[in-house]
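Engineer: Provided herewith: target.cif, mmCIF, C-alpha atoms and all ligand atoms.
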```
data_start
loop_
_atom_site.group_PDB
_atom_site.id
_atom_site.type_symbol
_atom_site.label_atom_id
_atom_site.label_comp_id
_atom_site.auth_asym_id
_atom_site.auth_seq_id
_atom_site.Cartn_x
_atom_site.Cartn_y
_atom_site.Cartn_z
ATOM 1 C CA MET O 1 0.000 0.000 0.000
ATOM 2 C CA ALA O 2 2.763 2.375 0.945
ATOM 3 C CA LYS O 3 4.296 1.713 -2.426
ATOM 4 C CA ASN O 4 1.200 2.750 -4.390
ATOM 5 C CA LYS O 5 0.766 5.817 -2.267
ATOM 6 C CA ALA O 6 4.346 6.887 -2.928
ATOM 7 C CA LYS O 7 3.653 7.061 -6.631
ATOM 8 C CA LEU O 8 0.974 9.706 -6.234
ATOM 9 C CA ASP O 9 2.024 11.526 -3.130
ATOM 10 C CA HIS O 10 5.671 12.412 -2.979
ATOM 11 C CA GLY O 11 5.250 14.076 0.409
ATOM 12 C CA PRO O 12 7.490 16.838 1.701
ATOM 13 C CA CYS O 13 11.152 17.199 0.743
ATOM 14 C CA PRO O 14 13.089 15.455 3.575
ATOM 15 C CA VAL O 15 15.658 18.262 3.566
ATOM 16 C CA CYS O 16 13.614 21.501 3.513
ATOM 17 C CA GLY O 17 10.059 20.236 4.138
ATOM 18 C CA ARG O 18 8.501 21.839 1.066
ATOM 19 C CA ALA O 19 6.065 19.776 -0.995
ATOM 20 C CA ILE O 20 7.671 17.786 -3.789
ATOM 21 C CA ILE O 21 6.069 18.757 -7.087
ATOM 22 C CA THR O 22 6.382 15.859 -9.487
ATOM 23 C CA LEU O 23 6.829 17.981 -12.590
ATOM 24 C CA LEU O 24 9.997 19.671 -11.378
ATOM 25 C CA THR O 25 13.563 18.352 -11.433
ATOM 26 C CA ASN O 26 13.593 16.603 -8.107
ATOM 27 C CA VAL O 27 16.385 14.142 -7.498
ATOM 28 C CA LYS O 28 16.001 10.573 -6.326
ATOM 29 C CA LEU O 29 18.942 9.633 -4.124
ATOM 30 C CA ALA O 30 20.754 6.302 -3.792
ATOM 31 C CA ASP O 31 18.579 5.362 -0.787
ATOM 32 C CA GLU O 32 15.354 6.188 -2.688
ATOM 33 C CA ALA O 33 14.744 9.417 -0.765
ATOM 34 C CA GLU O 34 13.617 12.203 -3.083
ATOM 35 C CA ILE O 35 14.773 15.784 -2.587
ATOM 36 C CA CYS O 36 13.199 18.862 -4.154
ATOM 37 C CA CYS O 37 14.700 20.796 -7.073
ATOM 38 C CA ASP O 38 15.521 23.818 -4.882
ATOM 39 C CA CYS O 39 17.605 21.735 -2.485
ATOM 40 C CA ALA O 40 19.306 20.004 -5.424
ATOM 41 C CA ALA O 41 20.098 23.407 -6.984
ATOM 42 C CA LYS O 42 21.769 24.577 -3.775
ATOM 43 C CA LEU O 43 24.122 21.587 -3.940
ATOM 44 C CA ARG O 44 25.139 22.056 -7.580
ATOM 45 C CA VAL O 45 28.049 24.241 -6.621
ATOM 46 C CA MET O 46 29.611 21.132 -5.021
ATOM 47 C CA TYR O 47 28.013 18.441 -7.184
ATOM 48 C CA PRO O 48 27.606 19.771 -10.721
ATOM 49 C CA LEU O 49 25.199 18.109 -13.096
ATOM 50 C CA ALA O 50 26.806 16.800 -16.247
ATOM 51 C CA TYR O 51 25.677 15.242 -19.484
ATOM 52 C CA GLY O 52 27.589 12.410 -21.057
ATOM 53 C CA LYS O 53 27.628 8.790 -22.040
ATOM 54 C CA LYS O 54 27.372 6.190 -19.308
ATOM 55 C CA LYS O 55 29.847 3.308 -19.546
ATOM 56 C CA GLY O 56 28.960 1.063 -22.460
ATOM 57 C CA LYS O 57 26.043 3.276 -23.569
ATOM 58 C CA LYS O 58 25.766 5.381 -26.692
ATOM 59 C CA LYS O 59 23.074 7.819 -25.666
ATOM 60 C CA ILE O 60 23.961 11.087 -23.977
ATOM 61 C CA GLU O 61 22.304 11.089 -20.572
ATOM 62 C CA ARG O 62 22.019 13.215 -17.496
ATOM 63 C CA LEU O 63 24.807 12.247 -15.090
ATOM 64 C CA ASP O 64 23.873 13.417 -11.647
ATOM 65 C CA PRO O 65 26.339 12.815 -8.773
ATOM 66 C CA LEU O 66 23.515 13.456 -6.278
ATOM 67 C CA GLU O 67 21.825 10.245 -7.397
ATOM 68 C CA ALA O 68 24.729 8.282 -5.907
ATOM 69 C CA MET O 69 24.398 9.949 -2.492
ATOM 70 C CA THR O 70 22.310 9.065 0.553
ATOM 71 C CA LEU O 71 20.011 11.440 2.396
ATOM 72 C CA ASP O 72 22.511 11.718 5.257
ATOM 73 C CA GLU O 73 25.261 12.659 2.825
ATOM 74 C CA VAL O 74 22.989 15.232 1.205
ATOM 75 C CA ARG O 75 22.129 16.744 4.597
ATOM 76 C CA ALA O 76 25.829 17.046 5.445
ATOM 77 C CA ALA O 77 26.521 18.636 2.043
ATOM 78 C CA MET O 78 23.684 21.140 2.564
ATOM 79 C CA GLU O 79 25.578 22.520 5.549
ATOM 80 C CA LYS O 80 28.710 23.077 3.487
ATOM 81 C CA ALA O 81 27.237 24.358 0.209
ATOM 82 C CA PRO O 82 26.454 27.966 1.255
ATOM 83 C CA GLY O 83 30.018 28.386 2.563
ATOM 84 C CA GLN O 84 31.427 26.986 -0.661
ATOM 85 C CA LEU O 85 29.361 29.453 -2.698
ATOM 86 C CA GLU O 86 30.544 32.338 -0.505
ATOM 87 C CA ASP O 87 34.152 31.217 -0.963
ATOM 88 C CA LEU O 88 33.700 31.267 -4.745
ATOM 89 C CA ARG O 89 32.074 34.719 -4.620
ATOM 90 C CA ALA O 90 34.958 36.003 -2.501
ATOM 91 C CA LYS O 91 37.561 34.367 -4.724
ATOM 92 C CA TYR O 92 36.184 35.877 -7.947
ATOM 93 C CA GLY O 93 34.571 38.992 -6.450
ATOM 94 C CA ARG O 94 31.528 38.393 -8.678
ATOM 95 C CA ASN O 95 27.995 37.052 -8.508
ATOM 96 C CA ALA O 96 28.264 34.672 -11.448
ATOM 97 C CA VAL O 97 31.165 33.092 -13.316
ATOM 98 C CA PHE O 98 31.178 31.059 -16.536
ATOM 99 C CA ALA O 99 34.385 29.341 -17.670
ATOM 100 C CA VAL O 100 34.853 29.224 -21.460
ATOM 101 C CA GLU O 101 36.088 25.897 -22.781
ATOM 102 C CA ASP O 102 35.522 26.091 -26.531
ATOM 103 C CA ILE O 103 34.669 28.723 -29.160
ATOM 104 C CA SER O 104 32.859 28.531 -32.503
ATOM 105 C CA MET O 105 32.390 31.463 -34.876
ATOM 106 C CA TYR O 106 29.585 31.885 -37.394
ATOM 107 C CA SER O 107 29.163 34.487 -40.083
ATOM 108 C CA HIS O 108 26.461 37.029 -39.386
ATOM 109 C CA GLY O 109 26.364 38.554 -42.863
ATOM 110 C CA TRP O 110 28.177 41.456 -44.505
ATOM 111 C CA PHE O 111 29.419 44.259 -42.238
ATOM 112 C CA MET O 112 28.087 42.454 -39.176
ATOM 113 C CA PRO O 113 30.350 41.128 -36.420
ATOM 114 C CA PRO O 114 30.348 37.303 -36.393
ATOM 115 C CA TYR O 115 28.393 35.258 -33.900
ATOM 116 C CA ILE O 116 30.764 33.975 -31.237
ATOM 117 C CA SER O 117 29.453 30.876 -29.534
ATOM 118 C CA ALA O 118 31.178 30.147 -26.224
ATOM 119 C CA LYS O 119 30.829 26.652 -24.833
ATOM 120 C CA GLY O 120 31.756 26.013 -21.230
ATOM 121 C CA LYS O 121 30.621 25.558 -17.676
ATOM 122 C CA ASP O 122 28.781 27.711 -15.216
ATOM 123 C CA VAL O 123 31.128 27.804 -12.213
ATOM 124 C CA PHE O 124 28.455 29.446 -10.052
ATOM 125 C CA GLY O 125 25.580 31.897 -10.285
ATOM 126 C CA PHE O 126 22.938 32.561 -12.934
ATOM 127 C CA PHE O 127 23.105 33.986 -16.426
ATOM 128 C CA ASP O 128 20.222 35.098 -18.629
ATOM 129 C CA ILE O 129 19.786 36.217 -22.220
ATOM 130 C CA GLY O 130 20.346 39.975 -22.403
ATOM 131 C CA ASP O 131 22.669 40.078 -19.380
ATOM 132 C CA GLU O 132 25.473 42.636 -19.431
ATOM 133 C CA VAL O 133 28.642 40.703 -18.632
ATOM 134 C CA GLU O 134 32.392 41.144 -18.760
ATOM 135 C CA ILE O 135 34.744 38.909 -20.691
ATOM 136 C CA LEU O 136 38.008 38.485 -18.802
ATOM 137 C CA HIS O 137 40.459 37.871 -21.625
ATOM 138 C CA ALA O 138 44.265 38.011 -21.494
ATOM 139 C CA GLY O 139 44.308 40.170 -18.375
ATOM 140 C CA ALA O 140 41.787 42.655 -19.780
ATOM 141 C CA SER O 141 38.064 43.085 -19.222
ATOM 142 C CA VAL O 142 35.640 43.789 -22.073
ATOM 143 C CA LYS O 143 31.936 44.523 -21.681
ATOM 144 C CA ALA O 144 29.547 42.338 -23.675
ATOM 145 C CA LYS O 145 25.895 41.416 -23.824
ATOM 146 C CA ILE O 146 24.586 37.847 -23.961
ATOM 147 C CA LEU O 147 22.628 37.509 -27.190
ATOM 148 C CA ASP O 148 21.457 33.969 -26.585
ATOM 149 C CA ILE O 149 21.958 30.984 -24.308
ATOM 150 C CA GLU O 150 21.557 27.499 -25.692
ATOM 151 C CA ARG O 151 20.518 24.920 -23.199
ATOM 152 C CA GLU O 152 22.351 21.663 -22.906
ATOM 153 C CA ILE O 153 19.672 19.189 -23.963
ATOM 154 C CA ALA O 154 16.373 20.453 -25.308
ATOM 155 C CA THR O 155 14.480 17.264 -24.593
ATOM 156 C CA GLU O 156 15.607 16.985 -21.002
ATOM 157 C CA LYS O 157 12.431 16.956 -18.932
ATOM 158 C CA ASP O 158 11.751 20.326 -17.357
ATOM 159 C CA ALA O 159 15.448 20.981 -16.718
ATOM 160 C CA ASP O 160 15.067 23.861 -19.104
ATOM 161 C CA ALA O 161 14.989 26.820 -16.796
ATOM 162 C CA TRP O 162 17.859 25.651 -14.643
ATOM 163 C CA ILE O 163 20.087 24.688 -17.502
ATOM 164 C CA ARG O 164 19.408 27.814 -19.483
ATOM 165 C CA ARG O 165 20.331 30.031 -16.611
ATOM 166 C CA GLY O 166 22.970 27.872 -14.995
ATOM 167 C CA GLU O 167 23.598 27.379 -11.343
ATOM 168 C CA GLY O 168 26.869 26.393 -9.751
ATOM 169 C CA GLY O 169 28.298 23.753 -11.986
ATOM 170 C CA TYR O 170 25.353 23.374 -14.359
ATOM 171 C CA PRO O 171 26.305 23.049 -17.980
ATOM 172 C CA ILE O 172 25.100 25.916 -20.130
ATOM 173 C CA LYS O 173 25.721 24.581 -23.599
ATOM 174 C CA ARG O 174 26.621 27.845 -25.259
ATOM 175 C CA MET O 175 26.462 31.566 -24.722
ATOM 176 C CA VAL O 176 26.224 33.511 -27.971
ATOM 177 C CA PHE O 177 27.634 36.993 -28.566
ATOM 178 C CA SER O 178 27.909 39.230 -31.602
ATOM 179 C CA GLN O 179 29.810 42.426 -31.099
ATOM 180 C CA LYS O 180 32.411 44.452 -32.980
ATOM 181 C CA ASP O 181 36.032 43.539 -32.142
ATOM 182 C CA LEU O 182 34.985 41.068 -29.450
ATOM 183 C CA ILE O 183 37.482 38.294 -28.803
ATOM 184 C CA ILE O 184 36.690 35.300 -26.606
ATOM 185 C CA SER O 185 39.056 32.357 -26.188
ATOM 186 C CA PRO O 186 39.052 29.071 -24.308
ATOM 187 C CA GLY O 187 40.225 29.773 -20.754
ATOM 188 C CA ASP O 188 38.465 33.144 -20.580
ATOM 189 C CA LEU O 189 35.942 33.828 -17.857
ATOM 190 C CA ILE O 190 32.563 35.419 -18.502
ATOM 191 C CA VAL O 191 31.542 37.191 -15.300
ATOM 192 C CA LYS O 192 28.577 39.140 -14.014
ATOM 193 C CA GLY O 193 27.854 41.403 -11.076
HETATM 194 ZN ZN ZN E 201 13.955 20.672 -0.475
#
```
Represent the supplied structure as structure tokens.
Structural biologist:
Amino acid sequence: MAKNKAKLDHGPCPVCGRAIITLLTNVKLADEAEICCDCAAKLRVMYPLAYGKKKGKKKIERLDPLEAMTLDEVRAAMEKAPGQLEDLRAKYGRNAVFAVEDISMYSHGWFMPPYISAKGKDVFGFFDIGDEVEILHAGASVKAKILDIEREIATEKDADAWIRRGEGGYPIKRMVFSQKDLIISPGDLIVKG
């Protein structure tokens, strides 16, 4: 009976007590406990979500380190995560940091600056389309505006909002810029705030 009930009623999140809404990106842990998407998001700075191929599989899947943890481990991590985020903010002196790993350029037509598509990882914080950011490149800082953000996997259930905006360690697939004389290279940081 308990089993059938569990399917319909997910009950409160065992970490924060808020109701678990089935449609959101909750995470089922190794011991079957289910935590809410807000609690999971707070832990991403320590346990980033990745996408890749599991051993022996061809399909690209969501690889979530939280799924290998127990509720006790998650509770312990929850105590450390805010401090870790503060340390990162202090280290970079910013509210959001994206590390560029790869660059593609696309023509944008005559007399128009090319599209620069920066692939990389959200180290921490959120980014949105239209954000004014700085590109830290070769010791210099250049102002730029995010033209577009491509999410990692379009079909990924409901992960949309999180992945688009990024949160500590979430993969944002690409940030797109188009601006005269803008140079972005792998190793650069895109920062905000
Ligand atoms: Zn929660």
Engineer: So how far away is CA of Val176 (chain O) from CA of Ile129 (chain O), in Å?
Structural biologist: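 So the two atoms, CA of Ile129 (chain O) and CA of Val176 (chain O), lie 9.0 Å apart.
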Engineer: Residues within 6 Å of ligand ZN 201 (chain E) should be enumerated using only C-alpha atoms and all ligand atoms and returned as number ranges by chain.
Structural biologist: O: 13, 15-16, 18, 35-36, 38-39
Engineer: If the box runs along x, y and z of the file and leaves 6 Å on each side of region 89-100 of chain O, what are its centre and edge lengths in Å, one decimal, as lines of an AutoDock Vina configuration file?
Structural biologist:
```
center_x = 32.8
center_y = 34.1
center_z = -12.0
size_x = 21.6
size_y = 21.8
size_z = 31.0
```
Engineer: Might you pull out every residue within 9 Å of Leu182 (chain O), with all atoms listed in the file counted and same-chain residues fewer than 4 positions away left off, and present them as a list of chain:residue names?
Structural biologist: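 Here the qualifying residues turn out to be O:Pro113, O:Ile116, O:Val142, O:Ala144, O:Phe177, O:Ser178.
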Engineer: Using only C-alpha atoms, determine which residues lie at most 10 Å from Asp102 (chain O), disregarding the query and same-chain residues fewer than 6 positions distant; provide the list as a short mmCIF file (atom, residue, chain, number, x, y, z; two decimals) with C-alpha atoms, in the frame of the given file.
Structural biologist:
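Contents of out_2.cif, as written:
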```cif
data_model
loop_
_atom_site.label_atom_id
_atom_site.label_comp_id
_atom_site.auth_asym_id
_atom_site.auth_seq_id
_atom_site.Cartn_x
_atom_site.Cartn_y
_atom_site.Cartn_z
CA SER O 117 29.45 30.88 -29.53
CA ALA O 118 31.18 30.15 -26.22
CA LYS O 119 30.83 26.65 -24.83
CA GLY O 120 31.76 26.01 -21.23
CA ARG O 174 26.62 27.84 -25.26
CA ILE O 184 36.69 35.30 -26.61
CA SER O 185 39.06 32.36 -26.19
CA PRO O 186 39.05 29.07 -24.31
CA GLY O 187 40.22 29.77 -20.75
CA ASP O 188 38.47 33.14 -20.58
#
```
Engineer: Expand the PyMOL selection byres (((chain O and resi 191) around 9) and not hetatm) into the individual residues it matches in the shown file, reporting them as a PyMOL selection string.
Structural biologist: chain O and resi 92+94-99+133-136+189-190+192-193
Engineer: Expand the PyMOL selection byres (((chain O and resi 52) around 8) and not hetatm) into the individual residues it matches in the shown file, reporting them as a ChimeraX atom specification.
Structural biologist: /O:50-51,53-54,59-63
Engineer: What is the distance, in Å and to one decimal place, between CA of Tyr115 (chain O) and CA of Asp131 (chain O)?
Structural biologist: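 Result for CA of Tyr115 (chain O) versus CA of Asp131 (chain O): 16.3 Å, one decimal.
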Engineer: Please determine the residues with any atom at most 9 Å from (19.5, 5.6, 0.0) (coordinates as given in the file, with only C-alpha atoms counting) and report them as a list in words.
Structural biologist: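 These residues have at least one counted atom within 9 Å: Lys28, Leu29, Ala30, Asp31, Glu32, Ala33, Ala68, Met69, Thr70, Leu71 and Asp72 of chain O.
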Engineer: Name the closest residue to Lys91 (chain O) among the candidates O:Leu43, O:Val123, O:Val27, O:Ile20; distances are taken between atoms, counting all atoms listed in the file.
Structural biologist: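 That would be O:Val123, the residue with the smallest distance to Lys91 (chain O).
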Engineer: As an exercise, work out the distance from CA of Gln179 (chain O) to CA of Pro114 (chain O) in Å and give it to one decimal place.
Structural biologist: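 Between CA of Gln179 (chain O) and CA of Pro114 (chain O) the gap works out to 7.4 Å.
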Engineer: Which of these residues is nearest to Leu88 (chain O), using all atoms listed in the file: O:Gly17, O:Gly125, O:Gly56, O:Gly109?
Structural biologist: O:Gly125
Engineer: Using all atoms listed in the file, which residue out of O:Gly11, O:Lys57, O:Arg44, O:Ile149 lies closest to Leu85 (chain O)?
Structural biologist: O:Arg44
Engineer: For the structure shown, which residues end up in the PyMOL selection byres (((chain O and resi 78) around 10) and not hetatm)? Put them as an mmCIF file with C-alpha atoms, in the coordinates of the input, please?
Structural biologist:
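Listed below is the output, out.cif:
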```
data_model
loop_
_atom_site.group_PDB
_atom_site.id
_atom_site.type_symbol
_atom_site.label_atom_id
_atom_site.label_comp_id
_atom_site.auth_asym_id
_atom_site.auth_seq_id
_atom_site.Cartn_x
_atom_site.Cartn_y
_atom_site.Cartn_z
ATOM 1 C CA VAL O 15 15.658 18.262 3.566
ATOM 2 C CA CYS O 39 17.605 21.735 -2.485
ATOM 3 C CA ALA O 40 19.306 20.004 -5.424
ATOM 4 C CA LYS O 42 21.769 24.577 -3.775
ATOM 5 C CA LEU O 43 24.122 21.587 -3.940
ATOM 6 C CA MET O 46 29.611 21.132 -5.021
ATOM 7 C CA ASP O 72 22.511 11.718 5.257
ATOM 8 C CA GLU O 73 25.261 12.659 2.825
ATOM 9 C CA VAL O 74 22.989 15.232 1.205
ATOM 10 C CA ARG O 75 22.129 16.744 4.597
ATOM 11 C CA ALA O 76 25.829 17.046 5.445
ATOM 12 C CA ALA O 77 26.521 18.636 2.043
ATOM 13 C CA GLU O 79 25.578 22.520 5.549
ATOM 14 C CA LYS O 80 28.710 23.077 3.487
ATOM 15 C CA ALA O 81 27.237 24.358 0.209
ATOM 16 C CA PRO O 82 26.454 27.966 1.255
ATOM 17 C CA GLY O 83 30.018 28.386 2.563
#
```
Engineer: I need the residue nearest Lys143 (chain O) from this list: O:Ile183, O:Phe111, O:Tyr106, O:Phe126. Use all atoms listed in the file for the distance.
Structural biologist: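 Using all atoms listed in the file, the shortest distance to Lys143 (chain O) belongs to O:Ile183.
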Engineer: Given all atoms listed in the file as the basis, pick out the residue of O:Glu101, O:Met175, O:Met112, O:Asp87 nearest to Gly130 (chain O).
Structural biologist: O:Met175
